[in-house]
Amino acid sequence: MSISAHAAPARPSAAMPRFASVAELIDKERPSLPVYALFPPAFKAAAKHFLDGFPGETMYAVKANHALPVVDHVHGAGIRHFDVASLAEVKLARERYPDAGLHFMAPVRIRGAAGEAHKKYGVRNFALDSEDELNTILRETGGDTDKTIAAALTLFVRLYVPADGALLELSSKFGIGTTAAAQLLRKIVQAGAKPALTFHVGSQCLHPKSYKTALARCAEVLQQARVELEALDVGGGFPGYYLNVTVPPLTEFFDAIREGLADLNLPKRAPVYCEPGRALVADGLSVITRVSLRRDYTVFINDGIYGSLNEYALQNWPVRYPLRIFSEGPDGKIVEKTGRVAPFKAFGPTCDTLDVLHYPIDLPETIGVGDWIEFQKLGAYSCALRTAFNGFYPDTFVEIVEAR
Ligand SMILES: Cc1ncc(COP(=O)(O)O)c(C=O)c1O
């Protein structure tokens with residue numbers, strides 16, 4: 001029996017409306033519903049940083065934004081490997097980019113997913129952090145009884161690493177300690193599969209050193225395991241360049257990784273991967289929202305935490321996104337509204353009181369009903385997390401030609 005994989009809505013970027021600028025989009029469309037404005041050069045620039053600077057292959061973590069126009073831009077910018085963490089993402093990537101390298105990097109999968117990913121979509125790379133999952137992968141793929149199937153599997157043990165350099169930790173759910181990781185690597189070798197290691201330093205990592213520390217931990221595992229790694233994946237976590245957070249340039253992250261790798265002595269044949277989500281897509285998308293009501297220093301807008309603005313609901317999230325405000329001038333022309341700003345409370349469009357941005361946003365004192373607020377740098381974890389709660393589901397994509 002096949003377990004179903006729901007594809008993301010199909011929306012090829014070729015058919016996408018194009019505008020010279022956000023102001024032109026607003027002028028022509030006067031959108032009342034949220035619009036996702038894509039900036040193709042920003043996707044290209046982000047991919048180029050990784051393709052030029054990362055010492056290995058770069059995958060895109062599809063979960064950061066699975067909207068097809070976005071994934072198409074990432075692919076179009078030269079990224080040919082994908083971290084896919086559900087059967088739906090496997091299906092999306094395989095059907096859209098038949099030659100892409102796919103890595104199923106969720107360490108715990110829905111029952112049957114590893115088997116279907118392997119048999120139907122040709123996936124050979126899987127993450128895991130338990131012997132149970134190893135047995136599941138082997139059983140579902142047939143690698144438990146067929147040694148040639150096992151030999152073609154690369155199995156990445158997810159190592160626990162401290163997440164103290166990142167704003168969002170990803171270490172309390174997945175990842176095992178060095179001794180357990182060493183044992184699991186040996187079990188993988190005994191099963192006839194290729195042993196590999198992976199970790200995730202946490203999302204929006206601000207400290208390049210975190211990668212070096214994590215790689216030193218990989219070295220400890222290898223000392224204990226006494227196996228030769230066949231691949232290594234340093235995960236995602238590379239930061240977005242938002243407001244209100246100080247972030248070193250990406251080159252410092254790549255340098256730290258280079259230094260960590262130098263101490264690992266990997267065999268030359270072993271590929272090194274990274275799997276950024278946020279850093280590849282954050283800059284490429286703005287969410288254009290509209291003010292439905294202003295009441296004193298509170299605005300009601302047409303998108304919120306159940307839609308594209310869910311990162312405004314994260315706890316202890318100092319990140320702020322750059323905003324631009326547009327308004328219809330007296331002559332009907334769309335102009336950017338500037339001037340003295342003040343902090344405003346912002347409610348989303350649903351009837352739920354919880355639908356409020358947890359952090360005030362700075363808006364011009366003169367903001368009013370009908371004005372548009374562009375939330376910039378929201379390519380990561382925005383559309384990916386939107387819900388249809390209360391009948392609101394933003395789903396309009398356009399392209400903007402202007403450089404950012
Ligand atoms: C296994 C894995 N890889 C990559 C990513 C992408 O992380 P980021 O967007 O911080 O680069 C995540 C995020 O949840 C993840 O869980």
# chains A, B, ... in the order shown; residues from 1 in each chain; ligands from 1
$ select_by_dssp --residues "segment 81-126 of chain A" --states "strand (DSSP E or B)" --output "ChimeraX atom specification"
/A:81-84,101-104,125-126
$ residues_around --residues "segment 143-151 of chain A" --least-positions-apart "5" --cutoff "10 Å" --atoms "only C-alpha atoms" --output "MDAnalysis selection string"
chainID A and resid 118 124 134:138 188:189 191:194
$ residues_around --residues "Phe19 of chain A" --least-positions-apart "4" --cutoff "10 Å" --atoms "only C-alpha atoms" --output "PyMOL selection string"
chain A and resi 23-26+28+37+398-402
$ select_by_dssp --residues "segment 203-239 of chain A" --states "helix (DSSP H, G or I)" --output "PyMOL selection string"
chain A and resi 209-225
$ closest_residue --among "A:Ser382, A:Ser21, A:Thr396, A:Thr251" --to "ligand 1" --atoms "only C-alpha atoms and all ligand atoms"
A:Ser382
$ residues_around --residues "Thr213 of chain A" --least-positions-apart "5" --cutoff "12 Å" --atoms "only C-alpha atoms" --output "VMD selection string"
chain A and resid 160 to 165 199 to 201 207 to 208 218 to 220 234 253 256 to 257 259 to 261 263 to 264
$ residues_near_ligand --ligand "ligand 1" --cutoff "9 Å" --atoms "only C-alpha atoms and all ligand atoms" --output "ChimeraX atom specification"
/A:59-64,83-85,104-107,127,158,166,168,170,174,198-205,234-240,274-281,380-381
$ closest_residue --among "A:Glu228, A:Asp52, A:Asp296, A:Glu57" --to "Pro271 of chain A" --atoms "only C-alpha atoms"
A:Glu57
$ atom_distance --atom1 "atom CA of Ala231 of chain A" --atom2 "atom CA of Leu197 of chain A"
6.8 Å
$ residues_around --residues "Ala117 of chain A" --least-positions-apart "6" --cutoff "10 Å" --atoms "only C-alpha atoms" --output "list in words"
Ser86, Leu87, Ala88, Val90, Lys91, Arg94, Leu102, His103, Phe104, Val123, Arg124, Asn125, Phe126, Glu140 and Thr141 of chain A
